[in-house]
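Enquirer: My structure is stored as coords21.cif, with mmCIF, C-alpha atoms.
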data_coords
loop_
_atom_site.group_PDB
_atom_site.id
_atom_site.type_symbol
_atom_site.label_atom_id
_atom_site.label_comp_id
_atom_site.auth_asym_id
_atom_site.auth_seq_id
_atom_site.Cartn_x
_atom_site.Cartn_y
_atom_site.Cartn_z
ATOM 1 C CA MET A 62 -2.044 -10.650 13.585
ATOM 2 C CA ASN A 63 -5.276 -12.633 13.523
ATOM 3 C CA ARG A 64 -7.931 -12.908 10.831
ATOM 4 C CA CYS A 65 -11.526 -13.018 12.041
ATOM 5 C CA GLU A 66 -14.099 -14.811 9.917
ATOM 6 C CA ASN A 67 -15.922 -11.565 9.046
ATOM 7 C CA GLY A 68 -13.306 -10.037 6.740
ATOM 8 C CA VAL A 69 -11.145 -8.147 9.210
ATOM 9 C CA ARG A 70 -7.574 -8.284 10.448
ATOM 10 C CA ILE A 71 -6.910 -7.924 14.166
ATOM 11 C CA ARG A 72 -3.607 -6.485 15.373
ATOM 12 C CA GLY A 73 -2.207 -5.789 18.792
ATOM 13 C CA GLY A 74 -1.454 -7.476 22.063
ATOM 14 C CA LEU A 75 -2.909 -5.527 24.964
ATOM 15 C CA LEU A 76 -4.984 -3.235 22.731
ATOM 16 C CA ARG A 77 -6.555 -5.173 19.859
ATOM 17 C CA ILE A 78 -7.638 -3.158 16.824
ATOM 18 C CA ALA A 79 -9.587 -4.599 13.900
ATOM 19 C CA ARG A 80 -9.453 -3.229 10.353
ATOM 20 C CA MET A 81 -11.160 -4.352 7.174
ATOM 21 C CA GLU A 82 -8.884 -6.658 5.212
ATOM 22 C CA GLY A 83 -7.765 -4.553 2.251
ATOM 23 C CA GLU A 84 -9.227 -1.475 3.918
ATOM 24 C CA LYS A 85 -8.292 0.953 1.126
ATOM 25 C CA TYR A 86 -10.508 -0.940 -1.301
ATOM 26 C CA THR A 87 -12.891 -2.806 1.021
ATOM 27 C CA PHE A 88 -15.551 -0.946 2.983
ATOM 28 C CA PRO A 89 -18.307 -2.224 5.279
ATOM 29 C CA GLU A 90 -21.650 -2.071 3.468
ATOM 30 C CA ASN A 91 -23.447 -2.024 6.803
ATOM 31 C CA PRO A 92 -21.168 -0.792 9.616
ATOM 32 C CA GLU A 93 -23.684 -1.688 12.339
ATOM 33 C CA ALA A 94 -23.877 -5.286 11.116
ATOM 34 C CA GLN A 95 -20.067 -5.405 10.948
ATOM 35 C CA ILE A 96 -19.797 -4.104 14.506
ATOM 36 C CA LYS A 97 -22.289 -6.697 15.761
ATOM 37 C CA SER A 98 -20.318 -9.430 14.006
ATOM 38 C CA LEU A 99 -17.108 -8.253 15.675
ATOM 39 C CA ARG A 100 -18.743 -8.317 19.096
ATOM 40 C CA ASP A 101 -19.535 -11.983 18.430
ATOM 41 C CA CYS A 102 -16.038 -12.787 17.123
ATOM 42 C CA LYS A 103 -14.189 -15.403 19.174
ATOM 43 C CA ASP A 104 -11.119 -13.114 19.251
ATOM 44 C CA ARG A 105 -11.462 -10.042 21.445
ATOM 45 C CA VAL A 106 -11.639 -6.749 19.555
ATOM 46 C CA ASP A 107 -11.251 -3.475 21.480
ATOM 47 C CA ILE A 108 -11.567 -1.005 18.593
ATOM 48 C CA PHE A 109 -12.887 -1.339 15.066
ATOM 49 C CA THR A 110 -11.599 1.207 12.546
ATOM 50 C CA PHE A 111 -12.539 1.640 8.908
ATOM 51 C CA LEU A 112 -12.193 4.134 6.069
ATOM 52 C CA GLN A 113 -14.869 5.782 3.967
ATOM 53 C CA GLY A 114 -14.695 5.131 0.233
ATOM 54 C CA LEU A 115 -14.170 7.750 -2.459
ATOM 55 C CA PRO A 116 -15.398 10.084 -3.809
ATOM 56 C CA ASP A 117 -17.408 11.131 -0.727
ATOM 57 C CA VAL A 118 -15.002 12.711 1.775
ATOM 58 C CA THR A 119 -17.650 14.203 4.092
ATOM 59 C CA PRO A 120 -18.188 12.068 7.220
ATOM 60 C CA ARG A 121 -21.499 10.241 6.957
ATOM 61 C CA TYR A 122 -21.482 7.797 9.910
ATOM 62 C CA PRO A 123 -22.218 8.663 13.581
ATOM 63 C CA TYR A 124 -18.970 7.290 14.994
ATOM 64 C CA GLU A 125 -15.833 8.949 16.299
ATOM 65 C CA VAL A 126 -13.947 10.160 13.251
ATOM 66 C CA GLU A 127 -10.470 11.423 12.443
ATOM 67 C CA MET A 128 -9.208 12.461 9.034
ATOM 68 C CA ASP A 129 -6.728 10.108 7.380
ATOM 69 C CA ASN A 130 -5.051 10.698 4.026
ATOM 70 C CA LEU A 131 -4.513 8.856 0.751
ATOM 71 C CA ALA A 132 -2.403 9.476 -2.339
ATOM 72 C CA VAL A 133 -5.105 9.688 -5.014
ATOM 73 C CA LEU A 134 -4.871 9.982 -8.776
ATOM 74 C CA PRO A 135 -8.149 10.874 -10.538
ATOM 75 C CA VAL A 136 -8.264 8.769 -13.711
ATOM 76 C CA SER A 137 -10.127 9.638 -16.892
ATOM 77 C CA THR A 138 -7.985 8.506 -19.824
ATOM 78 C CA PHE A 139 -4.396 7.378 -20.098
ATOM 79 C CA ASP A 140 -3.630 10.198 -22.547
ATOM 80 C CA ASN A 141 -4.956 12.813 -20.123
ATOM 81 C CA TRP A 142 -2.703 11.485 -17.371
ATOM 82 C CA TRP A 143 0.293 11.255 -19.704
ATOM 83 C CA ASN A 144 -0.119 14.726 -21.198
ATOM 84 C CA ASN A 145 -1.682 16.778 -18.396
ATOM 85 C CA GLN A 146 -1.354 15.208 -14.963
ATOM 86 C CA ILE A 147 2.329 14.301 -14.636
ATOM 87 C CA ARG A 148 5.611 16.167 -14.934
ATOM 88 C CA SER A 149 8.186 15.651 -17.651
ATOM 89 C CA TYR A 150 10.607 13.661 -15.475
ATOM 90 C CA PRO A 151 8.359 10.608 -14.785
ATOM 91 C CA ARG A 152 7.188 10.725 -18.405
ATOM 92 C CA ASN A 153 10.771 10.552 -19.631
ATOM 93 C CA ARG A 154 11.590 7.802 -17.149
ATOM 94 C CA ALA A 155 8.658 5.702 -18.336
ATOM 95 C CA ARG A 156 9.864 6.149 -21.927
ATOM 96 C CA GLN A 157 13.390 5.102 -20.905
ATOM 97 C CA ALA A 158 12.074 1.804 -19.533
ATOM 98 C CA GLY A 159 10.910 0.758 -22.996
ATOM 99 C CA LYS A 160 14.132 1.907 -24.625
ATOM 100 C CA ARG A 161 16.149 -0.147 -22.126
ATOM 101 C CA GLY A 162 14.321 -3.368 -22.796
ATOM 102 C CA VAL A 163 11.600 -3.367 -20.147
ATOM 103 C CA VAL A 164 8.399 -5.064 -21.313
ATOM 104 C CA LEU A 165 5.147 -4.629 -19.364
ATOM 105 C CA ARG A 166 2.339 -7.178 -19.438
ATOM 106 C CA GLU A 167 -0.489 -8.428 -17.283
ATOM 107 C CA VAL A 168 0.349 -11.752 -15.649
ATOM 108 C CA PRO A 169 -2.267 -14.267 -14.463
ATOM 109 C CA PHE A 170 -2.040 -15.509 -10.902
ATOM 110 C CA GLY A 171 0.067 -18.659 -11.118
ATOM 111 C CA ASP A 172 3.546 -20.139 -10.994
ATOM 112 C CA GLU A 173 5.224 -17.576 -13.267
ATOM 113 C CA LEU A 174 3.908 -14.695 -11.178
ATOM 114 C CA ILE A 175 4.782 -16.261 -7.808
ATOM 115 C CA ARG A 176 8.322 -17.143 -8.899
ATOM 116 C CA GLY A 177 8.787 -13.586 -10.164
ATOM 117 C CA ILE A 178 7.483 -12.091 -6.921
ATOM 118 C CA CYS A 179 9.898 -14.224 -4.902
ATOM 119 C CA GLY A 180 12.786 -13.079 -7.091
ATOM 120 C CA VAL A 181 11.956 -9.416 -6.532
ATOM 121 C CA TYR A 182 11.339 -9.765 -2.790
ATOM 122 C CA ASN A 183 14.490 -11.782 -2.184
ATOM 123 C CA GLU A 184 16.895 -9.518 -4.059
ATOM 124 C CA THR A 185 18.099 -7.493 -1.042
ATOM 125 C CA PRO A 186 17.539 -7.529 2.740
ATOM 126 C CA VAL A 187 17.579 -3.706 2.996
ATOM 127 C CA ARG A 188 15.445 -1.132 1.188
ATOM 128 C CA GLN A 189 15.252 2.615 1.765
ATOM 129 C CA GLY A 190 17.663 2.422 4.676
ATOM 130 C CA LYS A 191 15.760 -0.135 6.727
ATOM 131 C CA ARG A 192 15.360 -3.891 6.979
ATOM 132 C CA PHE A 193 13.068 -5.200 4.274
ATOM 133 C CA PRO A 194 10.492 -7.358 6.118
ATOM 134 C CA TYR A 195 9.651 -9.565 3.113
ATOM 135 C CA TYR A 196 13.220 -10.651 2.369
ATOM 136 C CA GLY A 197 13.404 -14.433 2.478
ATOM 137 C CA MET A 198 9.901 -14.812 1.006
ATOM 138 C CA THR A 199 9.055 -18.442 0.290
ATOM 139 C CA TYR A 200 6.955 -19.641 -2.638
ATOM 140 C CA GLU A 201 4.127 -20.679 -0.325
ATOM 141 C CA LYS A 202 4.157 -17.382 1.579
ATOM 142 C CA ALA A 203 4.244 -15.354 -1.648
ATOM 143 C CA ARG A 204 1.279 -17.311 -2.979
ATOM 144 C CA GLU A 205 -0.694 -16.626 0.188
ATOM 145 C CA TYR A 206 0.413 -12.991 0.369
ATOM 146 C CA ALA A 207 -0.491 -12.174 -3.235
ATOM 147 C CA GLY A 208 -3.541 -14.410 -3.456
ATOM 148 C CA THR A 209 -6.152 -12.211 -1.791
ATOM 149 C CA PHE A 210 -9.079 -10.572 -3.629
ATOM 150 C CA LEU A 211 -8.211 -12.337 -6.889
ATOM 151 C CA ASP A 212 -11.676 -11.724 -8.314
ATOM 152 C CA ARG A 213 -10.988 -7.983 -8.407
ATOM 153 C CA SER A 214 -7.214 -7.788 -8.763
ATOM 154 C CA VAL A 215 -4.818 -7.325 -11.684
ATOM 155 C CA PHE A 216 -1.117 -8.206 -11.712
ATOM 156 C CA VAL A 217 1.346 -6.487 -14.034
ATOM 157 C CA GLY A 218 4.946 -7.610 -14.403
ATOM 158 C CA ALA A 219 7.940 -5.669 -15.718
ATOM 159 C CA PHE A 220 10.235 -8.033 -17.612
ATOM 160 C CA VAL A 221 13.723 -7.918 -19.071
ATOM 161 C CA ASP A 222 13.988 -10.899 -21.377
ATOM 162 C CA GLU A 223 12.245 -13.627 -19.330
ATOM 163 C CA THR A 224 13.107 -12.222 -15.886
ATOM 164 C CA MET A 225 10.525 -10.313 -13.859
ATOM 165 C CA ILE A 226 12.300 -7.256 -12.438
ATOM 166 C CA GLY A 227 9.235 -5.598 -10.910
ATOM 167 C CA PHE A 228 5.513 -6.043 -10.417
ATOM 168 C CA ILE A 229 2.322 -4.449 -9.194
ATOM 169 C CA LYS A 230 -0.862 -5.836 -7.717
ATOM 170 C CA LEU A 231 -3.822 -3.595 -8.415
ATOM 171 C CA SER A 232 -6.928 -4.333 -6.322
ATOM 172 C CA MET A 233 -10.310 -2.683 -6.927
ATOM 173 C CA ASP A 234 -13.253 -2.080 -4.634
ATOM 174 C CA GLU A 235 -16.464 -3.948 -5.380
ATOM 175 C CA SER A 236 -18.006 -0.994 -7.227
ATOM 176 C CA ARG A 237 -14.867 -0.589 -9.383
ATOM 177 C CA THR A 238 -14.724 3.081 -8.338
ATOM 178 C CA GLN A 239 -11.222 3.000 -6.878
ATOM 179 C CA ALA A 240 -8.202 0.740 -7.162
ATOM 180 C CA CYS A 241 -5.210 0.501 -4.851
ATOM 181 C CA LEU A 242 -1.598 -0.287 -5.650
ATOM 182 C CA VAL A 243 -1.407 -3.008 -3.023
ATOM 183 C CA HIS A 244 2.086 -4.110 -4.018
ATOM 184 C CA ILE A 245 4.543 -2.253 -6.237
ATOM 185 C CA LEU A 246 8.187 -3.203 -6.121
ATOM 186 C CA SER A 247 11.150 -3.361 -8.490
ATOM 187 C CA MET A 248 14.654 -4.777 -8.298
ATOM 188 C CA VAL A 249 17.274 -2.317 -7.073
ATOM 189 C CA GLN A 250 19.843 -3.640 -9.556
ATOM 190 C CA HIS A 251 17.591 -2.549 -12.445
ATOM 191 C CA LYS A 252 16.800 0.902 -11.071
ATOM 192 C CA GLU A 253 18.424 2.622 -14.074
ATOM 193 C CA LYS A 254 15.850 0.937 -16.333
ATOM 194 C CA ALA A 255 13.047 2.830 -14.512
ATOM 195 C CA PRO A 256 10.709 -0.178 -14.090
ATOM 196 C CA THR A 257 8.724 1.490 -11.294
ATOM 197 C CA ASN A 258 7.830 4.463 -13.496
ATOM 198 C CA ALA A 259 6.745 2.074 -16.243
ATOM 199 C CA LEU A 260 4.624 0.108 -13.770
ATOM 200 C CA ILE A 261 2.859 3.273 -12.584
ATOM 201 C CA ALA A 262 2.033 4.081 -16.201
ATOM 202 C CA GLU A 263 0.664 0.588 -16.744
ATOM 203 C CA ALA A 264 -1.463 0.862 -13.584
ATOM 204 C CA VAL A 265 -3.022 4.075 -14.915
ATOM 205 C CA ARG A 266 -3.659 2.381 -18.258
ATOM 206 C CA ALA A 267 -5.317 -0.587 -16.518
ATOM 207 C CA CYS A 268 -7.607 1.748 -14.533
ATOM 208 C CA ALA A 269 -8.529 3.795 -17.597
ATOM 209 C CA GLU A 270 -9.376 0.681 -19.606
ATOM 210 C CA ARG A 271 -11.567 -0.636 -16.761
ATOM 211 C CA LYS A 272 -13.264 2.744 -16.145
ATOM 212 C CA VAL A 273 -11.889 2.945 -12.584
ATOM 213 C CA SER A 274 -12.114 6.580 -11.473
ATOM 214 C CA TYR A 275 -9.439 6.731 -8.773
ATOM 215 C CA LEU A 276 -6.032 5.095 -8.374
ATOM 216 C CA ILE A 277 -4.737 4.936 -4.785
ATOM 217 C CA TYR A 278 -1.037 4.723 -3.935
ATOM 218 C CA GLU A 279 -1.416 4.025 -0.206
ATOM 219 C CA ASN A 280 -0.990 7.112 2.039
ATOM 220 C CA PHE A 281 0.402 10.389 0.742
ATOM 221 C CA ASN A 282 2.035 11.155 4.104
ATOM 222 C CA TYR A 283 2.728 8.932 7.075
ATOM 223 C CA GLY A 284 2.378 10.943 10.258
ATOM 224 C CA LYS A 285 4.415 14.152 9.933
ATOM 225 C CA LYS A 286 6.898 12.579 7.564
ATOM 226 C CA GLU A 287 7.330 13.949 4.043
ATOM 227 C CA ASP A 288 9.972 12.086 2.074
ATOM 228 C CA SER A 289 11.157 11.091 -1.390
ATOM 229 C CA LEU A 290 8.258 8.648 -1.778
ATOM 230 C CA SER A 291 5.738 11.451 -1.250
ATOM 231 C CA HIS A 292 7.582 13.471 -3.905
ATOM 232 C CA PHE A 293 7.556 10.475 -6.269
ATOM 233 C CA LYS A 294 3.804 10.196 -5.861
ATOM 234 C CA GLU A 295 3.306 13.915 -6.445
ATOM 235 C CA VAL A 296 5.301 14.108 -9.693
ATOM 236 C CA ASN A 297 3.330 11.100 -10.966
ATOM 237 C CA GLY A 298 0.078 13.003 -10.535
ATOM 238 C CA PHE A 299 -1.086 11.749 -7.139
ATOM 239 C CA GLU A 300 -2.660 14.253 -4.769
ATOM 240 C CA ARG A 301 -3.240 14.171 -1.045
ATOM 241 C CA VAL A 302 -6.916 13.569 -0.270
ATOM 242 C CA ASP A 303 -8.133 13.600 3.336
ATOM 243 C CA ILE A 304 -10.822 11.027 4.044
ATOM 244 C CA PRO A 305 -12.763 10.035 7.171
ATOM 245 C CA ARG A 306 -11.441 7.216 9.327
ATOM 246 C CA TYR A 307 -13.901 5.952 11.914
ATOM 247 C CA TYR A 308 -13.096 4.436 15.306
ATOM 248 C CA VAL A 309 -15.677 2.344 17.154
ATOM 249 C CA PRO A 310 -14.767 1.174 20.683
ATOM 250 C CA LEU A 311 -16.130 -2.288 21.474
ATOM 251 C CA THR A 312 -14.789 -2.736 25.018
ATOM 252 C CA SER A 313 -14.073 -0.553 28.036
ATOM 253 C CA LEU A 314 -10.372 -0.828 27.184
ATOM 254 C CA GLY A 315 -11.131 0.421 23.699
ATOM 255 C CA ARG A 316 -13.090 3.393 25.048
ATOM 256 C CA MET A 317 -10.268 4.314 27.405
ATOM 257 C CA ALA A 318 -7.646 3.941 24.661
ATOM 258 C CA LEU A 319 -9.591 6.293 22.382
ATOM 259 C CA ARG A 320 -9.899 8.911 25.115
ATOM 260 C CA LEU A 321 -6.146 8.755 25.773
ATOM 261 C CA GLY A 322 -5.120 8.621 22.109
ATOM 262 C CA LEU A 323 -3.543 5.177 22.513
ATOM 263 C CA HIS A 324 -5.062 3.943 19.252
ATOM 264 C CA HIS A 325 -2.264 5.750 17.375
ATOM 265 C CA ARG A 326 1.173 4.249 16.848
ATOM 266 C CA MET A 327 3.907 5.330 19.239
ATOM 267 C CA ALA A 328 5.994 6.359 16.229
ATOM 268 C CA ASP A 329 3.372 8.965 15.286
ATOM 269 C CA ARG A 330 3.877 10.737 18.616
ATOM 270 C CA VAL A 331 7.627 11.246 18.198
ATOM 271 C CA PRO A 332 8.570 14.783 17.031
ATOM 272 C CA GLU A 333 9.677 14.740 13.384
ATOM 273 C CA SER A 334 13.088 16.229 14.235
ATOM 274 C CA VAL A 335 13.748 13.272 16.544
ATOM 275 C CA ALA A 336 12.237 10.739 14.132
ATOM 276 C CA GLU A 337 14.495 11.957 11.315
ATOM 277 C CA LYS A 338 17.607 11.459 13.454
ATOM 278 C CA LEU A 339 16.419 7.978 14.428
ATOM 279 C CA ARG A 340 15.888 7.091 10.749
ATOM 280 C CA ASP A 341 19.416 8.303 9.945
ATOM 281 C CA LEU A 342 20.834 6.119 12.712
ATOM 282 C CA ARG A 343 18.855 3.132 11.469
ATOM 283 C CA ARG A 344 20.045 3.687 7.899
ATOM 284 C CA ALA A 345 23.685 3.896 9.019
ATOM 285 C CA TYR A 346 23.315 0.744 11.124
ATOM 286 C CA TYR A 347 21.964 -1.335 8.255
ATOM 287 C CA GLU A 348 24.561 0.038 5.822
ATOM 288 C CA ARG A 349 27.380 -1.026 8.166
ATOM 289 C CA ARG A 350 25.795 -4.345 9.013
ATOM 290 C CA PHE A 351 25.185 -5.553 5.489
ATOM 291 C CA LYS A 352 28.364 -4.049 4.076
ATOM 292 C CA ALA A 353 30.315 -6.057 6.653
ATOM 293 C CA ALA A 354 28.335 -9.179 5.799
ATOM 294 C CA THR A 355 29.084 -8.726 2.094
ATOM 295 C CA GLU A 356 32.801 -8.169 2.634
ATOM 296 C CA SER A 357 33.274 -11.092 5.048
#
Do you think you could lay out the structure here as structure tokens?
Expert:
Amino acid sequence: MNRCENGVRIRGGLLRIARMEGEKYTFPENPEAQIKSLRDCKDRVDIFTFLQGLPDVTPRYPYEVEMDNLAVLPVSTFDNWWNNQIRSYPRNRARQAGKRGVVLREVPFGDELIRGICGVYNETPVRQGKRFPYYGMTYEKAREYAGTFLDRSVFVGAFVDETMIGFIKLSMDESRTQACLVHILSMVQHKEKAPTNALIAEAVRACAERKVSYLIYENFNYGKKEDSLSHFKEVNGFERVDIPRYYVPLTSLGRMALRLGLHHRMADRVPESVAEKLRDLRRAYYERRFKAATES
């Protein structure tokens, strides 16, 4: 992955696709100027894709468009969310966190935060039945990884005594209309303390206090997959909202790829019945592999 000087990330080998860095809370003010800048970028870009910001979900730009989706929570007040937008289970779980010694507080970007992030990331090499790509996170990498958009980001840590057992990074768009849960992760060993539920509650509180209208929890669905994470988002008040995603081809390869549908991931083209079996095989593989490593 390359970073071009005009605020985009470029991925891909043969087909190179550029996205806005932090695309769920960063939007091109002038798409035509952004496209011109990408044409002048020293790294080749075949396709530029970007999302449209909330609350407008009607396509307004003259580019090829497909509908993407986000998990969106409309935010007015914390009390409204707590009393009217969520179900009893996440409410009870958030209460349990406090009863079991979990303390939530905003943490400034610095050594305490980075050490805590490393501790959470390096707890286990496997999460949700697959290899966790951030296991082995170094201090320097964590600082770089968490240190983007600091002028419009908030960090909240979940602590037991002096140990951070979970955290969120909440990043807002420039208009402070929407905020995205860029990172949210808790230690598996403290799952019974419900730190993730408490962190969601604190994210809603942070948005309400800052008059941010929408809280984004990444995508609601990924491809055709509906799983426990989608259910977790739903019971916490998040709704699926379809928004325009634009694709602008910048080379002949990009134009051909769009015509053939090659701009989508290969995984999105696999039938869900097959994908589910592949996920089960992957989960079983990692369970055997790391169980054997632990017992040896």
Enquirer: Evaluating the PyMOL selection byres ((chain A and resi 253) around 12) on the displayed file yields which residues, as a VMD selection string?
Expert: chain A and resid 154 to 155 157 to 163 226 247 to 252 254 to 259
Enquirer: Could you take the residues named above and write them with C-alpha atoms, as a tab-separated table (two decimals), keeping the file's coordinate frame?
Expert:
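File written: part-v3.tsv
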chain	number	residue	atom	x	y	z
A	154	ARG	CA	11.59	7.80	-17.15
A	155	ALA	CA	8.66	5.70	-18.34
A	157	GLN	CA	13.39	5.10	-20.90
A	158	ALA	CA	12.07	1.80	-19.53
A	159	GLY	CA	10.91	0.76	-23.00
A	160	LYS	CA	14.13	1.91	-24.62
A	161	ARG	CA	16.15	-0.15	-22.13
A	162	GLY	CA	14.32	-3.37	-22.80
A	163	VAL	CA	11.60	-3.37	-20.15
A	226	ILE	CA	12.30	-7.26	-12.44
A	247	SER	CA	11.15	-3.36	-8.49
A	248	MET	CA	14.65	-4.78	-8.30
A	249	VAL	CA	17.27	-2.32	-7.07
A	250	GLN	CA	19.84	-3.64	-9.56
A	251	HIS	CA	17.59	-2.55	-12.44
A	252	LYS	CA	16.80	0.90	-11.07
A	254	LYS	CA	15.85	0.94	-16.33
A	255	ALA	CA	13.05	2.83	-14.51
A	256	PRO	CA	10.71	-0.18	-14.09
A	257	THR	CA	8.72	1.49	-11.29
A	258	ASN	CA	7.83	4.46	-13.50
A	259	ALA	CA	6.74	2.07	-16.24
Enquirer: Evaluate the PyMOL selection byres ((chain A and resi 308) around 6) on the structure here and hand back the selected residues as a ChimeraX atom specification.
Expert: /A:109-110,125,307,309
Enquirer: May I have the residues at most 6 Å from (-9.7, 2.6, -9.8) in the file's coordinates, counting only C-alpha atoms, as a list in words?
Expert: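 Every polymer residue passing the test: Thr238, Gln239, Ala240, Cys268, Val273, Ser274, Tyr275 and Leu276 of chain A.
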Enquirer: Identify all residues satisfying the PyMOL selection byres ((chain A and resi 136) around 10) in the given file; provide them as a tab-separated table (two decimals) with C-alpha atoms, in the coordinates of the input.
Expert:
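The result, stored in out_36.tsv:
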chain	number	residue	atom	x	y	z
A	133	VAL	CA	-5.11	9.69	-5.01
A	134	LEU	CA	-4.87	9.98	-8.78
A	135	PRO	CA	-8.15	10.87	-10.54
A	137	SER	CA	-10.13	9.64	-16.89
A	138	THR	CA	-7.98	8.51	-19.82
A	139	PHE	CA	-4.40	7.38	-20.10
A	141	ASN	CA	-4.96	12.81	-20.12
A	142	TRP	CA	-2.70	11.48	-17.37
A	146	GLN	CA	-1.35	15.21	-14.96
A	239	GLN	CA	-11.22	3.00	-6.88
A	265	VAL	CA	-3.02	4.08	-14.92
A	266	ARG	CA	-3.66	2.38	-18.26
A	268	CYS	CA	-7.61	1.75	-14.53
A	269	ALA	CA	-8.53	3.80	-17.60
A	272	LYS	CA	-13.26	2.74	-16.14
A	273	VAL	CA	-11.89	2.94	-12.58
A	274	SER	CA	-12.11	6.58	-11.47
A	275	TYR	CA	-9.44	6.73	-8.77
A	276	LEU	CA	-6.03	5.10	-8.37
A	298	GLY	CA	0.08	13.00	-10.54
Enquirer: Can you tell me, as a PDB file with C-alpha atoms, in the frame of the given file, what residues are no more than 12 Å from Ile71 of chain A when counting only C-alpha atoms, ignoring any on the same chain fewer than 6 positions away?
Expert:
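Output contents, as saved in selection11.pdb:
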ATOM      1  CA  MET A  62      -2.044 -10.650  13.585  1.00  0.00           C
ATOM      2  CA  ASN A  63      -5.276 -12.633  13.523  1.00  0.00           C
ATOM      3  CA  ARG A  64      -7.931 -12.908  10.831  1.00  0.00           C
ATOM      4  CA  CYS A  65     -11.526 -13.018  12.041  1.00  0.00           C
ATOM      5  CA  ARG A  77      -6.555  -5.173  19.859  1.00  0.00           C
ATOM      6  CA  ILE A  78      -7.638  -3.158  16.824  1.00  0.00           C
ATOM      7  CA  ALA A  79      -9.587  -4.599  13.900  1.00  0.00           C
ATOM      8  CA  ARG A  80      -9.453  -3.229  10.353  1.00  0.00           C
ATOM      9  CA  MET A  81     -11.160  -4.352   7.174  1.00  0.00           C
ATOM     10  CA  GLU A  82      -8.884  -6.658   5.212  1.00  0.00           C
ATOM     11  CA  LEU A  99     -17.108  -8.253  15.675  1.00  0.00           C
ATOM     12  CA  CYS A 102     -16.038 -12.787  17.123  1.00  0.00           C
ATOM     13  CA  LYS A 103     -14.189 -15.403  19.174  1.00  0.00           C
ATOM     14  CA  ASP A 104     -11.119 -13.114  19.251  1.00  0.00           C
ATOM     15  CA  ARG A 105     -11.462 -10.042  21.445  1.00  0.00           C
ATOM     16  CA  VAL A 106     -11.639  -6.749  19.555  1.00  0.00           C
ATOM     17  CA  ASP A 107     -11.251  -3.475  21.480  1.00  0.00           C
ATOM     18  CA  ILE A 108     -11.567  -1.005  18.593  1.00  0.00           C
ATOM     19  CA  PHE A 109     -12.887  -1.339  15.066  1.00  0.00           C
ATOM     20  CA  THR A 110     -11.599   1.207  12.546  1.00  0.00           C
TER      21      THR A 110
END
Enquirer: In Å, how far is it from atom CA of Glu201 of chain A to atom CA of Phe216 of chain A?
Expert: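 Those two atoms sit 17.7 Å apart.
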Enquirer: Can you work out the spacing between atom CA of Asn130 of chain A and atom CA of Thr87 of chain A in Å, to one decimal?
Expert: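 Distance reported for this atom pair: 15.9 Å.
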Enquirer: When you draw a straight line from atom CA of Arg204 of chain A to atom CA of Ile175 of chain A, how long is it in Å?
Expert: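 Those two atoms sit 6.1 Å apart.
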